[in-house]
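Participant: Structure supplied as my_file.txt; contents: compact mmCIF, C-alpha atoms.
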# COMPACT_ATOMS: atom_id res chain seq x y z
CA MET A 1 0.00 0.00 0.00
CA SER A 2 1.46 3.35 -0.98
CA ALA A 3 1.85 5.95 1.76
CA THR A 4 -0.19 9.14 1.56
CA PRO A 5 1.09 12.52 2.72
CA GLY A 6 -1.46 12.55 5.56
CA TRP A 7 -4.78 11.26 6.75
CA SER A 8 -7.61 12.55 4.57
CA ARG A 9 -10.25 14.76 6.11
CA ALA A 10 -12.82 11.94 5.97
CA GLN A 11 -10.41 9.53 7.66
CA ARG A 12 -9.70 12.02 10.43
CA ARG A 13 -13.35 12.80 11.02
CA LEU A 14 -14.27 9.12 11.09
CA HIS A 15 -11.45 8.42 13.54
CA TRP A 16 -12.72 11.01 16.02
CA TRP A 17 -16.39 10.10 15.60
CA VAL A 18 -15.56 6.51 16.43
CA ALA A 19 -13.29 7.67 19.29
CA ALA A 20 -16.23 9.62 20.75
CA LEU A 21 -18.94 7.03 20.13
CA VAL A 22 -17.12 4.02 21.57
CA PRO A 23 -16.84 5.35 25.15
CA LEU A 24 -20.35 6.77 24.89
CA THR A 25 -21.73 3.38 23.80
CA LEU A 26 -19.77 1.62 26.53
CA GLY A 27 -21.14 4.03 29.14
CA LEU A 28 -24.67 3.52 27.84
CA GLY A 29 -24.12 -0.23 28.04
CA PHE A 30 -23.33 -0.04 31.75
CA LEU A 31 -26.08 2.52 32.31
CA MET A 32 -28.80 0.43 30.64
CA VAL A 33 -27.90 -2.57 32.78
CA GLU A 34 -27.73 -0.56 36.01
CA LEU A 35 -30.85 1.56 35.53
CA PRO A 36 -33.78 0.44 37.69
CA TRP A 37 -36.71 -1.37 36.10
CA ARG A 38 -39.15 1.26 37.22
CA PRO A 39 -39.78 3.54 35.56
CA LEU A 40 -39.11 1.30 32.58
CA ALA A 41 -38.90 3.91 29.80
CA PRO A 42 -35.36 5.25 30.50
CA LYS A 43 -33.96 1.74 30.81
CA PHE A 44 -35.70 0.54 27.68
CA LEU A 45 -34.60 3.59 25.69
CA ALA A 46 -31.00 3.25 26.95
CA TYR A 47 -30.94 -0.26 25.45
CA GLN A 48 -32.29 1.04 22.15
CA LEU A 49 -29.76 3.88 22.06
CA HIS A 50 -26.88 1.52 22.91
CA LYS A 51 -27.93 -0.81 20.08
CA SER A 52 -28.31 2.14 17.68
CA PHE A 53 -24.86 3.55 18.48
CA GLY A 54 -23.41 0.07 18.03
CA VAL A 55 -24.82 -0.15 14.52
CA VAL A 56 -23.49 3.36 13.76
CA VAL A 57 -20.00 2.46 15.04
CA PHE A 58 -19.98 -0.65 12.87
CA GLY A 59 -20.96 1.42 9.81
CA LEU A 60 -18.36 4.13 10.48
CA VAL A 61 -15.57 1.58 11.02
CA ALA A 62 -16.50 -0.28 7.84
CA TRP A 63 -16.32 3.06 6.03
CA ARG A 64 -12.93 3.78 7.63
CA LEU A 65 -11.57 0.44 6.47
CA LEU A 66 -12.84 1.09 2.98
CA LEU A 67 -11.06 4.45 2.91
CA ARG A 68 -7.94 2.90 4.38
CA TRP A 69 -7.99 0.25 1.68
CA ARG A 70 -8.61 2.74 -1.12
CA ARG A 71 -6.52 5.70 0.04
CA GLY A 72 -3.94 4.09 2.28
CA ARG A 73 -2.37 5.86 5.22
CA PRO A 74 0.59 8.12 5.93
CA ALA A 75 3.89 6.37 6.53
CA GLU A 76 4.91 5.51 10.07
CA ASP A 77 7.66 7.67 11.53
CA ALA A 78 10.85 6.08 10.15
CA ALA A 79 12.74 7.26 13.24
CA LEU A 80 10.78 4.77 15.38
CA PRO A 81 12.37 1.37 16.01
CA ALA A 82 10.99 -1.34 13.80
CA TRP A 83 9.52 -3.30 16.70
CA GLN A 84 7.47 -0.25 17.72
CA ARG A 85 6.15 0.17 14.21
CA ARG A 86 5.25 -3.50 14.08
CA ALA A 87 3.57 -3.28 17.50
CA ALA A 88 1.62 -0.20 16.40
CA GLY A 89 0.48 -1.97 13.24
CA LEU A 90 -0.61 -4.99 15.27
CA VAL A 91 -2.55 -2.86 17.78
CA HIS A 92 -4.24 -0.92 14.97
CA GLY A 93 -5.23 -4.17 13.28
CA VAL A 94 -6.67 -5.62 16.48
CA LEU A 95 -8.49 -2.33 17.18
CA TYR A 96 -10.14 -2.42 13.76
CA GLY A 97 -11.06 -6.06 14.32
CA LEU A 98 -12.60 -5.37 17.72
CA LEU A 99 -14.41 -2.28 16.47
CA LEU A 100 -16.18 -4.54 14.00
CA ALA A 101 -16.51 -7.64 16.18
CA VAL A 102 -17.97 -5.99 19.27
CA PRO A 103 -21.02 -4.46 17.50
CA VAL A 104 -21.53 -7.69 15.55
CA LEU A 105 -21.52 -9.72 18.78
CA GLY A 106 -23.90 -7.22 20.36
CA TYR A 107 -26.23 -7.49 17.39
CA LEU A 108 -26.07 -11.30 17.41
CA SER A 109 -26.76 -11.43 21.14
CA ALA A 110 -29.74 -9.09 20.69
CA ALA A 111 -30.97 -11.37 17.91
CA SER A 112 -30.52 -14.44 20.13
CA ALA A 113 -32.20 -12.90 23.16
CA PRO A 114 -35.34 -14.80 24.14
CA ALA A 115 -37.09 -11.45 24.76
CA GLN A 116 -37.00 -10.92 20.97
CA VAL A 117 -36.87 -7.14 21.01
CA PRO A 118 -36.29 -6.07 17.38
CA THR A 119 -33.27 -3.96 16.45
CA MET A 120 -34.27 -0.56 15.05
CA VAL A 121 -31.58 2.07 14.62
CA PHE A 122 -32.87 5.19 16.42
CA MET A 123 -36.37 3.68 16.14
CA LEU A 124 -36.25 4.39 12.41
CA LEU A 125 -34.24 1.81 10.54
CA PRO A 126 -35.09 -1.85 11.14
CA VAL A 127 -32.15 -4.25 11.14
CA PRO A 128 -33.45 -7.78 10.52
CA HIS A 129 -32.28 -10.46 12.93
CA VAL A 130 -30.48 -13.30 11.15
CA LEU A 131 -30.65 -15.57 14.20
CA GLY A 132 -33.64 -16.76 16.20
CA PRO A 133 -33.91 -16.68 19.99
CA ASP A 134 -31.75 -19.18 21.86
CA GLU A 135 -31.00 -18.60 25.52
CA ALA A 136 -27.72 -20.56 25.72
CA ARG A 137 -26.33 -18.82 22.64
CA PHE A 138 -27.57 -15.48 23.97
CA LEU A 139 -25.70 -15.87 27.26
CA LEU A 140 -22.50 -16.91 25.47
CA LEU A 141 -22.64 -14.06 22.94
CA ARG A 142 -23.49 -11.49 25.59
CA ALA A 143 -20.46 -12.52 27.68
CA LEU A 144 -18.21 -12.37 24.59
CA HIS A 145 -19.67 -8.98 23.66
CA LEU A 146 -18.91 -7.62 27.13
CA TRP A 147 -15.37 -8.99 27.41
CA LEU A 148 -14.32 -7.99 23.92
CA ALA A 149 -15.81 -4.52 24.51
CA LEU A 150 -13.69 -4.20 27.66
CA GLY A 151 -10.67 -5.42 25.68
CA LEU A 152 -11.41 -2.88 22.96
CA VAL A 153 -11.58 -0.01 25.44
CA ALA A 154 -8.40 -1.12 27.24
CA LEU A 155 -6.55 -1.32 23.92
CA ALA A 156 -7.98 2.04 22.79
CA LEU A 157 -6.75 3.61 26.03
CA GLY A 158 -3.29 2.21 25.40
CA HIS A 159 -3.50 3.56 21.83
CA ALA A 160 -4.45 7.02 23.18
CA LEU A 161 -1.68 6.97 25.79
CA MET A 162 0.90 6.07 23.14
CA ALA A 163 -0.39 8.91 20.95
CA LEU A 164 0.03 11.31 23.88
CA ARG A 165 3.51 9.95 24.56
CA HIS A 166 4.53 10.46 20.93
CA HIS A 167 3.02 13.93 21.09
CA ALA A 168 5.02 14.76 24.23
CA ALA A 169 8.15 13.53 22.43
CA GLY A 170 7.46 16.01 19.64
CA ARG A 171 6.23 13.51 17.05
CA PRO A 172 3.26 14.82 15.02
CA VAL A 173 0.95 11.79 15.27
CA LEU A 174 -1.75 13.56 17.26
CA ARG A 175 -1.58 16.70 15.15
CA GLY A 176 -1.63 14.53 12.02
CA MET A 177 -4.87 12.87 13.09
CA TRP A 178 -6.41 16.16 14.13
CA ARG A 179 -5.42 18.53 11.29
CA GLY A 180 -4.08 16.29 8.57
CA MET B 1 -35.76 -24.45 14.31
CA SER B 2 -36.32 -27.34 16.65
CA PRO B 3 -39.80 -27.77 18.09
CA PRO B 4 -40.43 -25.52 21.06
CA ARG B 5 -39.22 -27.13 24.27
CA PRO B 6 -39.98 -25.92 27.75
CA PRO B 7 -36.89 -24.41 29.36
CA LEU B 8 -37.94 -25.56 32.82
CA PRO B 9 -38.75 -29.06 33.91
CA ARG B 10 -42.49 -29.25 33.83
CA ARG B 11 -44.50 -30.36 36.75
CA CYS B 12 -48.07 -31.41 36.60
CA LEU B 13 -49.97 -28.55 38.12
CA PRO B 14 -52.69 -29.15 40.62
CA LEU B 15 -55.51 -28.24 38.35
CA VAL B 16 -58.23 -27.18 40.69
CA GLY B 17 -61.05 -26.10 38.45
CA LEU B 18 -60.08 -28.27 35.55
CA GLY B 19 -61.84 -31.14 37.27
CA LEU B 20 -65.07 -29.32 36.59
CA LEU B 21 -64.64 -30.01 32.93
CA ALA B 22 -64.12 -33.71 33.28
CA ALA B 23 -66.89 -34.01 35.81
CA GLY B 24 -69.44 -32.16 33.68
CA PRO B 25 -72.22 -34.03 31.91
CA ALA B 26 -70.43 -36.10 29.33
CA ARG B 27 -71.51 -35.30 25.81
CA ALA B 28 -71.90 -38.08 23.31
CA GLN B 29 -68.56 -38.92 21.72
CA GLN B 30 -66.72 -36.24 23.63
CA ARG B 31 -63.22 -37.30 24.51
CA GLN B 32 -60.90 -36.00 27.14
CA TYR B 33 -57.55 -34.82 25.87
CA ARG B 34 -54.66 -34.48 28.23
CA PHE B 35 -51.84 -32.04 27.80
CA ASP B 36 -48.51 -33.40 26.57
CA GLN B 37 -46.06 -32.06 29.13
CA ASN B 38 -43.16 -32.41 26.70
CA PHE B 39 -44.48 -29.97 24.14
CA GLY B 40 -46.25 -26.72 24.39
CA ARG B 41 -45.46 -23.07 24.60
CA LEU B 42 -47.38 -20.21 26.10
CA SER B 43 -45.92 -16.85 25.17
CA PHE B 44 -46.97 -13.24 25.39
CA THR B 45 -45.91 -10.29 23.28
CA ALA B 46 -46.18 -6.62 24.19
CA ARG B 47 -45.36 -3.63 22.05
CA HIS B 48 -43.11 -0.75 23.05
CA PHE B 49 -43.42 2.81 21.78
CA GLY B 50 -45.56 1.50 18.94
CA LEU B 51 -42.53 0.20 17.04
CA LEU B 52 -40.76 -2.44 19.06
CA SER B 53 -41.99 -5.55 20.78
CA SER B 54 -40.78 -8.10 23.28
CA THR B 55 -41.81 -11.67 23.98
CA GLY B 56 -41.75 -13.80 27.09
CA HIS B 57 -43.28 -17.09 28.06
CA PHE B 58 -44.57 -19.17 30.93
CA GLY B 59 -42.56 -22.30 31.66
CA ARG B 60 -45.31 -24.18 33.47
CA PHE B 61 -48.90 -24.49 32.38
CA ASP B 62 -51.41 -27.22 31.82
CA ALA B 63 -54.23 -27.51 29.35
CA HIS B 64 -57.25 -29.74 29.14
CA VAL B 65 -59.59 -30.11 26.21
CA ALA B 66 -62.81 -32.05 25.86
CA LEU B 67 -63.44 -32.47 22.20
CA ASP B 68 -65.45 -34.57 19.79
CA PRO B 69 -63.21 -34.76 16.71
CA ALA B 70 -66.30 -35.08 14.54
CA ASP B 71 -67.86 -31.99 16.06
CA PRO B 72 -65.16 -29.58 17.26
CA GLY B 73 -67.79 -26.92 17.72
CA GLN B 74 -68.52 -28.39 21.12
CA ALA B 75 -64.94 -28.29 22.35
CA GLU B 76 -64.30 -27.15 25.90
CA VAL B 77 -60.93 -25.83 26.97
CA ALA B 78 -59.33 -25.16 30.32
CA VAL B 79 -55.82 -23.83 30.85
CA ALA B 80 -54.03 -23.21 34.13
CA VAL B 81 -50.78 -21.26 34.25
CA ALA B 82 -48.24 -20.95 37.05
CA THR B 83 -47.68 -17.18 36.99
CA GLY B 84 -44.37 -17.59 38.84
CA SER B 85 -43.01 -19.53 35.86
CA ILE B 86 -43.00 -16.37 33.74
CA ASP B 87 -39.68 -15.87 32.00
CA LEU B 88 -38.28 -13.18 29.79
CA ALA B 89 -34.63 -14.28 30.13
CA TRP B 90 -33.64 -10.67 30.58
CA PRO B 91 -32.02 -10.17 33.96
CA GLY B 92 -34.50 -8.34 36.14
CA ALA B 93 -37.44 -8.51 33.73
CA THR B 94 -38.66 -11.78 35.18
CA GLU B 95 -38.63 -10.32 38.71
CA LEU B 96 -40.45 -7.23 37.45
CA LEU B 97 -43.17 -9.33 35.82
CA ARG B 98 -43.63 -11.44 38.97
CA SER B 99 -43.92 -8.30 41.11
CA PRO B 100 -47.23 -6.95 42.46
CA ALA B 101 -47.40 -4.36 39.66
CA TYR B 102 -47.69 -7.13 37.07
CA PHE B 103 -48.61 -10.78 37.61
CA ASP B 104 -48.26 -10.58 41.40
CA SER B 105 -47.40 -14.25 41.41
CA GLU B 106 -47.03 -14.44 45.18
CA ALA B 107 -50.62 -13.37 45.80
CA HIS B 108 -51.97 -14.95 42.61
CA PRO B 109 -49.87 -17.99 41.76
CA MET B 110 -52.30 -19.25 39.13
CA ALA B 111 -53.89 -17.71 36.07
CA ARG B 112 -56.72 -19.56 34.38
CA PHE B 113 -58.64 -19.64 31.16
CA THR B 114 -61.79 -21.62 30.62
CA GLY B 115 -63.72 -21.42 27.41
CA ARG B 116 -65.57 -23.23 24.70
CA ALA B 117 -65.46 -23.24 20.95
CA VAL B 118 -68.11 -21.13 19.28
CA GLY B 119 -69.52 -21.04 15.78
CA VAL B 120 -67.25 -23.68 14.31
CA ALA B 121 -67.69 -25.33 10.98
CA ASN B 122 -64.40 -27.19 10.93
CA ALA B 123 -61.63 -28.09 13.32
CA SER B 124 -58.85 -26.41 11.40
CA ARG B 125 -59.88 -22.92 12.49
CA PHE B 126 -62.26 -21.95 15.26
CA ARG B 127 -62.87 -19.37 17.92
CA VAL B 128 -62.75 -20.03 21.64
CA GLU B 129 -64.66 -17.73 23.96
CA GLY B 130 -64.36 -17.84 27.68
CA ASP B 131 -63.05 -16.20 30.81
CA LEU B 132 -59.50 -15.30 31.69
CA THR B 133 -58.60 -14.93 35.35
CA LEU B 134 -55.45 -12.97 36.08
CA ARG B 135 -54.53 -11.48 39.45
CA GLY B 136 -57.88 -12.69 40.71
CA ILE B 137 -59.74 -10.59 38.13
CA THR B 138 -61.92 -12.41 35.61
CA ARG B 139 -62.70 -10.88 32.23
CA PRO B 140 -64.07 -12.28 28.98
CA MET B 141 -61.38 -13.41 26.57
CA ARG B 142 -61.49 -14.57 22.98
CA MET B 143 -58.87 -16.72 21.28
CA GLU B 144 -58.58 -17.77 17.65
CA ALA B 145 -57.59 -21.43 17.55
CA ARG B 146 -56.26 -23.68 14.82
CA LEU B 147 -55.77 -27.39 14.64
CA LEU B 148 -52.27 -27.75 13.24
CA ARG B 149 -52.07 -31.51 12.86
CA ARG B 150 -53.35 -34.77 14.17
CA GLY B 151 -51.32 -37.93 14.48
CA ARG B 152 -50.26 -40.80 16.68
CA ASP B 153 -47.57 -40.94 19.29
CA ALA B 154 -46.38 -44.53 19.29
CA ALA B 155 -44.35 -44.10 22.47
CA GLU B 156 -47.36 -42.79 24.34
CA GLY B 157 -49.75 -45.15 22.59
CA ALA B 158 -52.03 -42.20 22.10
CA GLU B 159 -53.59 -40.09 19.42
CA THR B 160 -52.24 -36.59 19.28
CA ALA B 161 -53.64 -33.25 18.20
CA GLU B 162 -51.58 -30.06 18.00
CA PHE B 163 -53.35 -26.77 18.40
CA SER B 164 -52.30 -23.16 18.33
CA ALA B 165 -54.38 -20.30 19.62
CA SER B 166 -53.86 -16.60 20.00
CA GLY B 167 -55.76 -13.72 21.47
CA THR B 168 -55.22 -10.23 22.78
CA LEU B 169 -55.89 -8.97 26.27
CA ASN B 170 -55.95 -5.46 27.65
CA ARG B 171 -53.66 -5.53 30.69
CA LEU B 172 -55.37 -2.50 32.23
CA GLU B 173 -58.52 -4.59 32.69
CA PHE B 174 -56.51 -6.86 34.94
CA GLY B 175 -55.09 -4.05 37.00
CA MET B 176 -51.62 -3.92 35.39
CA ARG B 177 -51.27 -0.17 35.03
CA GLU B 178 -47.52 0.42 35.27
CA ASP B 179 -45.23 1.76 32.57
CA ARG B 180 -47.93 2.68 30.10
CA THR B 181 -45.46 4.90 28.22
CA THR B 182 -43.22 1.91 27.54
CA ILE B 183 -45.48 -1.14 27.45
CA SER B 184 -48.59 -1.31 25.30
CA ASP B 185 -51.98 -1.85 26.95
CA GLN B 186 -52.68 -4.66 24.50
CA VAL B 187 -50.73 -7.87 25.05
CA ARG B 188 -50.97 -10.81 22.67
CA LEU B 189 -51.05 -14.35 23.99
CA ASP B 190 -49.90 -17.24 21.83
CA VAL B 191 -50.39 -20.85 22.86
CA GLN B 192 -49.13 -23.99 21.21
CA VAL B 193 -50.10 -27.29 22.73
CA ARG B 194 -50.04 -30.95 21.86
CA LEU B 195 -52.89 -32.95 23.29
CA LEU B 196 -53.03 -36.68 23.81
CA VAL B 197 -56.09 -38.87 23.85
CA GLY B 198 -55.92 -42.50 24.77
CA PRO B 199 -54.34 -44.62 27.49
CA ALA B 200 -52.24 -42.60 29.88
How does the structure come out when it is put into C-alpha cells?

Facilitator:
Amino acid sequence: MSATPGWSRAQRRLHWWVAALVPLTLGLGFLMVELPWRPLAPKFLAYQLHKSFGVVVFGLVAWRLLLRWRRGRPAEDAALPAWQRRAAGLVHGVLYGLLLAVPVLGYLSAASAPAQVPTMVFMLLPVPHVLGPDEARFLLLRALHLWLALGLVALALGHALMALRHHAAGRPVLRGMWRG
Amino acid sequence: MSPPRPPLPRRCLPLVGLGLLAAGPARAQQRQYRFDQNFGRLSFTARHFGLLSSTGHFGRFDAHVALDPADPGQAEVAVAVATGSIDLAWPGATELLRSPAYFDSEAHPMARFTGRAVGVANASRFRVEGDLTLRGITRPMRMEARLLRRGRDAAEGAETAEFSASGTLNRLEFGMREDRTTISDQVRLDVQVRLLVGPA
C-alpha cells in the first residue's frame, strides 16, 4: 500500500467520531444494565440507544476500512524502532477487528435474546435479525460482547496513551490525526 | 428451528377447576384430551413505543380439552398457568413481571382460562370464547384457535392433536397499570399445545 502525505479529512473525522462514540456506547451499556426497572422507559430507551450507536460504530468503522484500503495511510515515523512500528500496526489491526466484532456480537446477542426485542436504529431503521432466539447462545454471545468490549476499550486507552507519549516527544501523530 | 421445548422441567400442576370439565355431563362422543407435558409453549408479546416488541413465556402451564373430533364446535378448553413460571430471560425482567405491579405471582400464583369453541364449521380454524382470570380478576377473553395436525404418538400409545391459539388482552382490565409509556396496553397471547387422547 502506498503511503499518503497525511490522513484525509474523511479519515480524520471518522477516527474522532468513532473515538467519541465508543466510550459513549460503553457508558450507555453499563447505564442500561444498572438503571432500575421502574420507571421502565429510561432503561428501555437506553438499550435502544446503545444498540443504535453500536450499529453506527460498525458502519463508520466499515467506512474507515474502505477508505484505508482505497486511500492508504501516511507512513509511520521512520525514526521509530521497527519493533514499535510493528507493534503499532498490530494494535491498529486488532483495534479495527474489535471495532467490527464488538457491534456484531452485540447485534447477534440481541438477535438471540429470548425477549425478541427487534433492532431498530434510532427507532427508524429496522435491522433484521439473522438468528432466532436461543437462551444458551444469547448468554454466550453477551459474555463475549462484554469482554471484547472491555478489551477494545483497554486497547484504545493504550493507543491514546501512546499517541500522547509520541506527542510529548514532539512527534506529530496527534496533530496529524487532528489537522491532517 | 427445533420444536419448542420448555426451558424448565415441567411439573403437573394441581388443576383445581379443571376437574369441573371432566366431571361435567359427558356429551356423546366427547373425549378428554390431556396435555402433553413435553411440548407446548405459552408466550406473550407486548409492544413498546408502537414500534418495538418483546416476547416472554410461561414455563409451566397445563391444558385440558374435551373435544369430539367429529364436532369440534362443542370443544371445551381449560388452561391453568403458574404465573411464577414467567420468564423473559432478561435479567430483572422476570422479577419485574412477577412483582405486584404485574402478575403478582405471590398473591396470585395461578392464572386460568376456561372457554368453549363457538360457531365452528371445521376443526382447522375456530374461535374459543371464555373467561380469563389474572390477578384474581376475571374478564371475557377470545382466542382464535387452529388445529395444526393430528397424528399418533407410538411411544405414548395415544392419538395426538396439535393446536395453536392466540388472542389479545388489555392488561389495564386486569389491573396492570404500570409503565404505560413503555409497554402497550394490548398484550398478545400465543399458545401452542399438543394434546393426547388414549391410554395414559

Participant: Smallest atom-to-atom distance to chain A: which of B:Arg47, B:Arg150, B:Arg112, B:Arg60, using all atoms listed in the file?

Facilitator: B:Arg47

Participant: For the point (-67.2, -26.2, 19.5) in the file's frame, write as a PyMOL selection string all residues with an atom no more than 7 Å away, counting all atoms listed in the file.

Facilitator: chain B and resi 71-75+116-120

Participant: May I have the residues of chain B within 10 Å of chain A, counting all atoms listed in the file, written as a PyMOL selection string?

Facilitator: chain B and resi 1+7+45-57+87-93+95-96+178-183

Participant: Can you write out the residues you just picked, keeping C-alpha atoms, as an mmCIF file, in the frame of the given file?

Facilitator:
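As written to disk, out-v1.cif reads:
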data_model
loop_
_atom_site.group_PDB
_atom_site.id
_atom_site.type_symbol
_atom_site.label_atom_id
_atom_site.label_comp_id
_atom_site.auth_asym_id
_atom_site.auth_seq_id
_atom_site.Cartn_x
_atom_site.Cartn_y
_atom_site.Cartn_z
ATOM 1 C CA MET B 1 -35.760 -24.450 14.310
ATOM 2 C CA PRO B 7 -36.890 -24.410 29.360
ATOM 3 C CA THR B 45 -45.910 -10.290 23.280
ATOM 4 C CA ALA B 46 -46.180 -6.620 24.190
ATOM 5 C CA ARG B 47 -45.360 -3.630 22.050
ATOM 6 C CA HIS B 48 -43.110 -0.750 23.050
ATOM 7 C CA PHE B 49 -43.420 2.810 21.780
ATOM 8 C CA GLY B 50 -45.560 1.500 18.940
ATOM 9 C CA LEU B 51 -42.530 0.200 17.040
ATOM 10 C CA LEU B 52 -40.760 -2.440 19.060
ATOM 11 C CA SER B 53 -41.990 -5.550 20.780
ATOM 12 C CA SER B 54 -40.780 -8.100 23.280
ATOM 13 C CA THR B 55 -41.810 -11.670 23.980
ATOM 14 C CA GLY B 56 -41.750 -13.800 27.090
ATOM 15 C CA HIS B 57 -43.280 -17.090 28.060
ATOM 16 C CA ASP B 87 -39.680 -15.870 32.000
ATOM 17 C CA LEU B 88 -38.280 -13.180 29.790
ATOM 18 C CA ALA B 89 -34.630 -14.280 30.130
ATOM 19 C CA TRP B 90 -33.640 -10.670 30.580
ATOM 20 C CA PRO B 91 -32.020 -10.170 33.960
ATOM 21 C CA GLY B 92 -34.500 -8.340 36.140
ATOM 22 C CA ALA B 93 -37.440 -8.510 33.730
ATOM 23 C CA GLU B 95 -38.630 -10.320 38.710
ATOM 24 C CA LEU B 96 -40.450 -7.230 37.450
ATOM 25 C CA GLU B 178 -47.520 0.420 35.270
ATOM 26 C CA ASP B 179 -45.230 1.760 32.570
ATOM 27 C CA ARG B 180 -47.930 2.680 30.100
ATOM 28 C CA THR B 181 -45.460 4.900 28.220
ATOM 29 C CA THR B 182 -43.220 1.910 27.540
ATOM 30 C CA ILE B 183 -45.480 -1.140 27.450
#

Participant: In Å, how far is it from atom CA of B:Glu106 to atom CA of B:Arg135?

Facilitator: 9.9 Å

Participant: I'd like the neighbourhood of A:Val22 as a PyMOL selection string, where a residue qualifies if any of its atoms comes within 10 Å (using only C-alpha atoms), though same-chain residues fewer than 2 positions away should be ignored.

Facilitator: chain A and resi 16-20+24-28+53-54+57+99+149+152-153+156

Participant: If you keep C-alpha atoms, can you produce a file of those selected residues as a short mmCIF file (atom, residue, chain, number, x, y, z; two decimals), in the frame of the given file?

Facilitator:
data_model
loop_
_atom_site.label_atom_id
_atom_site.label_comp_id
_atom_site.auth_asym_id
_atom_site.auth_seq_id
_atom_site.Cartn_x
_atom_site.Cartn_y
_atom_site.Cartn_z
CA TRP A 16 -12.72 11.01 16.02
CA TRP A 17 -16.39 10.10 15.60
CA VAL A 18 -15.56 6.51 16.43
CA ALA A 19 -13.29 7.67 19.29
CA ALA A 20 -16.23 9.62 20.75
CA LEU A 24 -20.35 6.77 24.89
CA THR A 25 -21.73 3.38 23.80
CA LEU A 26 -19.77 1.62 26.53
CA GLY A 27 -21.14 4.03 29.14
CA LEU A 28 -24.67 3.52 27.84
CA PHE A 53 -24.86 3.55 18.48
CA GLY A 54 -23.41 0.07 18.03
CA VAL A 57 -20.00 2.46 15.04
CA LEU A 99 -14.41 -2.28 16.47
CA ALA A 149 -15.81 -4.52 24.51
CA LEU A 152 -11.41 -2.88 22.96
CA VAL A 153 -11.58 -0.01 25.44
CA ALA A 156 -7.98 2.04 22.79
#

Participant: Quick one: distance from atom CA of B:Gly167 to atom CA of B:Phe35 in Å, one decimal?

Facilitator: 19.8 Å

Participant: Hey, what's within 12 Å of A:Leu66 if we count all atoms listed in the file and toss same-chain stuff fewer than 5 positions away? As a list in words, please?

Facilitator: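 Once the adjacent positions are removed, what remains is Ala10, Gln11, Leu14, Gly59, Leu60, Val61, Arg71, Gly72, Arg73 and Tyr96 of chain A.
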
Participant: Expressed in Å to a single decimal, how great is the separation between atom CA of A:Trp83 and atom CA of A:Gly176?

Facilitator: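 Computed distance, atom CA of A:Trp83 to atom CA of A:Gly176, equals 21.5 Å.
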
Participant: Skip B:Val77 itself and residues of its chain fewer than 6 positions away, then list as a PyMOL selection string all residues within 7 Å of it, counting all atoms listed in the file.

Facilitator: chain B and resi 64-66+114-116

Participant: List the spatial neighbours of B:Leu132 as a ChimeraX atom specification - criterion: any atom at most 9 Å away, all atoms listed in the file, same-chain residues fewer than 4 positions off excluded.

Facilitator: /B:111-115,137-142

Participant: Select, from B:Ala101, B:Leu67, B:Thr133, B:Gln30, the residue with the minimum atom-to-atom distance to B:Arg177, counting all atoms listed in the file.

Facilitator: B:Ala101

Participant: Which residue, A:Gln84, A:Gly151, A:Arg12, A:Ala3, has the smallest gap to A:Leu174 when you use only C-alpha atoms?

Facilitator: A:Arg12

Participant: Using only C-alpha atoms, pick whichever of A:Gly93, A:Gly29, A:Gly180, A:Pro172 has the shortest atom-to-atom distance to A:Ser52.

Facilitator: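 Among the listed residues, the smallest separation from A:Ser52 belongs to A:Gly29.
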
Participant: Extract, using all atoms listed in the file, all DNA, RNA and protein residues at most 10 Å from A:Thr4, discarding same-chain residues fewer than 2 positions from it, and format them as a ChimeraX atom specification.

Facilitator: /A:1-2,6-8,71-75

Participant: In the coordinates of the file, take the point (-50.9, -29.6, 19.1) and a cut-off of 7 Å; then, counting all atoms listed in the file, name each qualifying protein, DNA or RNA residue as a PDB file with C-alpha atoms, in the frame of the given file.

Facilitator:
ATOM      1  CA  LEU B 147     -55.770 -27.390  14.640  1.00  0.00           C
ATOM      2  CA  LEU B 148     -52.270 -27.750  13.240  1.00  0.00           C
ATOM      3  CA  ARG B 149     -52.070 -31.510  12.860  1.00  0.00           C
ATOM      4  CA  ALA B 161     -53.640 -33.250  18.200  1.00  0.00           C
ATOM      5  CA  GLU B 162     -51.580 -30.060  18.000  1.00  0.00           C
ATOM      6  CA  PHE B 163     -53.350 -26.770  18.400  1.00  0.00           C
ATOM      7  CA  SER B 164     -52.300 -23.160  18.330  1.00  0.00           C
ATOM      8  CA  GLN B 192     -49.130 -23.990  21.210  1.00  0.00           C
ATOM      9  CA  VAL B 193     -50.100 -27.290  22.730  1.00  0.00           C
ATOM     10  CA  ARG B 194     -50.040 -30.950  21.860  1.00  0.00           C
ATOM     11  CA  LEU B 195     -52.890 -32.950  23.290  1.00  0.00           C
TER      12      LEU B 195
END

Participant: Using the structure block above, produce a file of stretch 57-79 of chain B that contains C-alpha atoms, as a PDB file, in the first residue's frame.

Facilitator:
ATOM      1  CA  HIS B  57     -43.281 -17.085  28.058  1.00  0.00           C
ATOM      2  CA  PHE B  58     -44.570 -19.173  30.928  1.00  0.00           C
ATOM      3  CA  GLY B  59     -42.557 -22.300  31.664  1.00  0.00           C
ATOM      4  CA  ARG B  60     -45.310 -24.185  33.466  1.00  0.00           C
ATOM      5  CA  PHE B  61     -48.898 -24.492  32.377  1.00  0.00           C
ATOM      6  CA  ASP B  62     -51.406 -27.219  31.822  1.00  0.00           C
ATOM      7  CA  ALA B  63     -54.235 -27.515  29.354  1.00  0.00           C
ATOM      8  CA  HIS B  64     -57.245 -29.743  29.138  1.00  0.00           C
ATOM      9  CA  VAL B  65     -59.586 -30.113  26.214  1.00  0.00           C
ATOM     10  CA  ALA B  66     -62.809 -32.051  25.862  1.00  0.00           C
ATOM     11  CA  LEU B  67     -63.444 -32.467  22.197  1.00  0.00           C
ATOM     12  CA  ASP B  68     -65.450 -34.567  19.791  1.00  0.00           C
ATOM     13  CA  PRO B  69     -63.214 -34.756  16.714  1.00  0.00           C
ATOM     14  CA  ALA B  70     -66.298 -35.083  14.541  1.00  0.00           C
ATOM     15  CA  ASP B  71     -67.861 -31.987  16.056  1.00  0.00           C
ATOM     16  CA  PRO B  72     -65.161 -29.581  17.262  1.00  0.00           C
ATOM     17  CA  GLY B  73     -67.789 -26.920  17.717  1.00  0.00           C
ATOM     18  CA  GLN B  74     -68.524 -28.387  21.121  1.00  0.00           C
ATOM     19  CA  ALA B  75     -64.937 -28.290  22.355  1.00  0.00           C
ATOM     20  CA  GLU B  76     -64.305 -27.148  25.895  1.00  0.00           C
ATOM     21  CA  VAL B  77     -60.932 -25.828  26.966  1.00  0.00           C
ATOM     22  CA  ALA B  78     -59.332 -25.162  30.324  1.00  0.00           C
ATOM     23  CA  VAL B  79     -55.818 -23.828  30.852  1.00  0.00           C
TER      24      VAL B  79
END
